[in-house]
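K.L.:
So that we are looking at the same thing, I have put the structure below in structure tokens.
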Amino acid sequence: LAGLGIVSSILFYQYQRYGMSLFVDRSSFDSSYSASEWHGILSNKTLLLIGGPHRGGTTVLWKALDAHPDISGLGTEPPAEDGSDDAVQKRKCGEGILIQDVYSRRGIGMEHMMKSNLAFQKRMMGLGKYALGKEDQVHLNESEARVTPQNMAKLLNRYNHYWNTSKSVLVEKSPPNALMSRFLQAIYNEGRTAEDGLQIRFLFMTRHPIANALAHQSILRDTYDVPFSTLMNNYVQVHRYLREDMPHLRNDPMLIKLEEFASNPKAQLEKIYRWLGVDGSSEIVKGVLEHRMQESIRDDPNSKYKEKWCRAADSNDRSWHAAIASKYQPLIDDLQLGYDITDGW
């Protein structure tokens with residue numbers, strides 16, 4: 001009975017996170033359009049790909065985008081056909097990487113099921129570690145053999161069930177998009193012509209590295225331990241790959257900070273909506289923030305992690321915190337993210 005209880009709790013966690021479709025063969029929902037047919041479907045639309053570190057705020061960003069009347073985010077369940085406000089409020093964010101089978105998930109989403117698998121825990125896979133795997137396996141680019149029209153259609157046929165393709169902007173949010181943006185840009189451009197009008201855009205969100213590491217610890221505490229240094233190294237590697245790839249991306253890729261987004265979501269959303277070519281008026285933004293999202297955005301999402309970090313520094317030998325700052329502040333500075341991880345944080 002104890003074993004059954006553990007299995008039940010894991011399944012319930014997975015259902016809460018990924019929705020009912022987790023328990024159904026996803027291929028049964030696939031469309032059957034060809035690559036050329038997808039070129040027509042996506043004509044004059046924008047495909048927005050969101051990425052960044054896990055626990056970095058990409059979910060709340062997805063919610064604010066999905067709540068716009070001209071944007072459809074990939075959710076855990078298909079959107080209501082009428083696009084009603086009630087349907088928007090109830091939708092949960094889905095991550096394309098978890099439902100596709102064109103490229104590796106690198107263990108993401110398997111953490112609870114692998115909590116007793118020591119071999120899995122030792123590998124650089126799963127939350128807080130995956131970016132530290134072999135570069136040719138995690139940092140994908142346009143040279144990948146998987147960049148084919150067939151794989152482009154395979155991805156879109158899988159995602160189609162979870163989008164409202166009548167909207168002008170379609171969003172797919174998976175944090176690891178930050179490590180394979182060049183690959184995704186290439187695969188979605190495969191076989192296209194300039195005349196079809198599709199724009200592929202990238203929006204990345206990041207967060208203070210200490211807050212991000214502590215947020216990882218909070219979600220991993222019921223699975224297995226990942227050393228704080230590993231979480232920090234993973235954060236740095238995610239952003240190294242991101243910084244390396246951004247000059248290769250077209251259509252003016254955008255990188256924003258969770259802290260700036262949360263402190264002034266109205267101004268940030270107006271900027272993002274206009275960048276996407278949809279209505280960014282104050283009336284639309286107000287409707288999203290006050291009605292359609294049905295969720296308030298905390299103005300200081302890092303407050304509990306600041307308190308935890310400072311409390312630990314006060315109760316323990318501060319030399320460990322000083323060592324973290326000494327080791328990682330130069331690395332953070334090299335990434336040009338503008339974050340301070342010294343005592344001033």
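Letters for chains follow the order of the structure tokens (A, B, ...), residue numbers begin at 1 for each chain, and ligand numbers begin at 1 in the order shown.
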Skipping near chain neighbours, those fewer than 6 positions away, what residues fall within 10 Å of Arg105 (chain A) using only C-alpha atoms, listed as number ranges by chain?
P.N.:
A: 96-99, 125-126, 130, 138, 176
K.L.:
Taking only region 160-256 of chain A into account, list the residues labelled alpha helix (DSSP H) by DSSP (computed from the backbone), as a VMD selection string.
P.N.:
chain A and resid 181 to 189 209 to 220 228 to 245
K.L.:
Looking at only C-alpha atoms, which of A:Leu155, A:Val285, A:Leu118, A:Leu61 is the one that sits closest to Glu260 (chain A)?
P.N.:
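Using only C-alpha atoms, the shortest distance to Glu260 (chain A) belongs to A:Leu61.
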K.L.:
Which of these, A:Tyr224, A:Asn264, A:Val238, A:Asn151, has the shortest distance to Asn117 (chain A) once you count only C-alpha atoms?
P.N.:
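Of A:Tyr224, A:Asn264, A:Val238, A:Asn151, the one nearest Asn117 (chain A), counting only C-alpha atoms, is A:Tyr224.
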K.L.:
If you run DSSP on this backbone, which residues of region 178-228 of chain A come out as strand (DSSP E or B), and could you give them as a PyMOL selection string?
P.N.:
chain A and resi 199-206
K.L.:
What's the separation between CA of Met232 (chain A) and CA of Arg123 (chain A), in Å to one decimal place?
P.N.:
16.4 Å
K.L.:
To one decimal place in Å, what is the distance between CA of Cys310 (chain A) and CA of Ile324 (chain A)?
P.N.:
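Computing it gives 13.4 Å between the two atoms.
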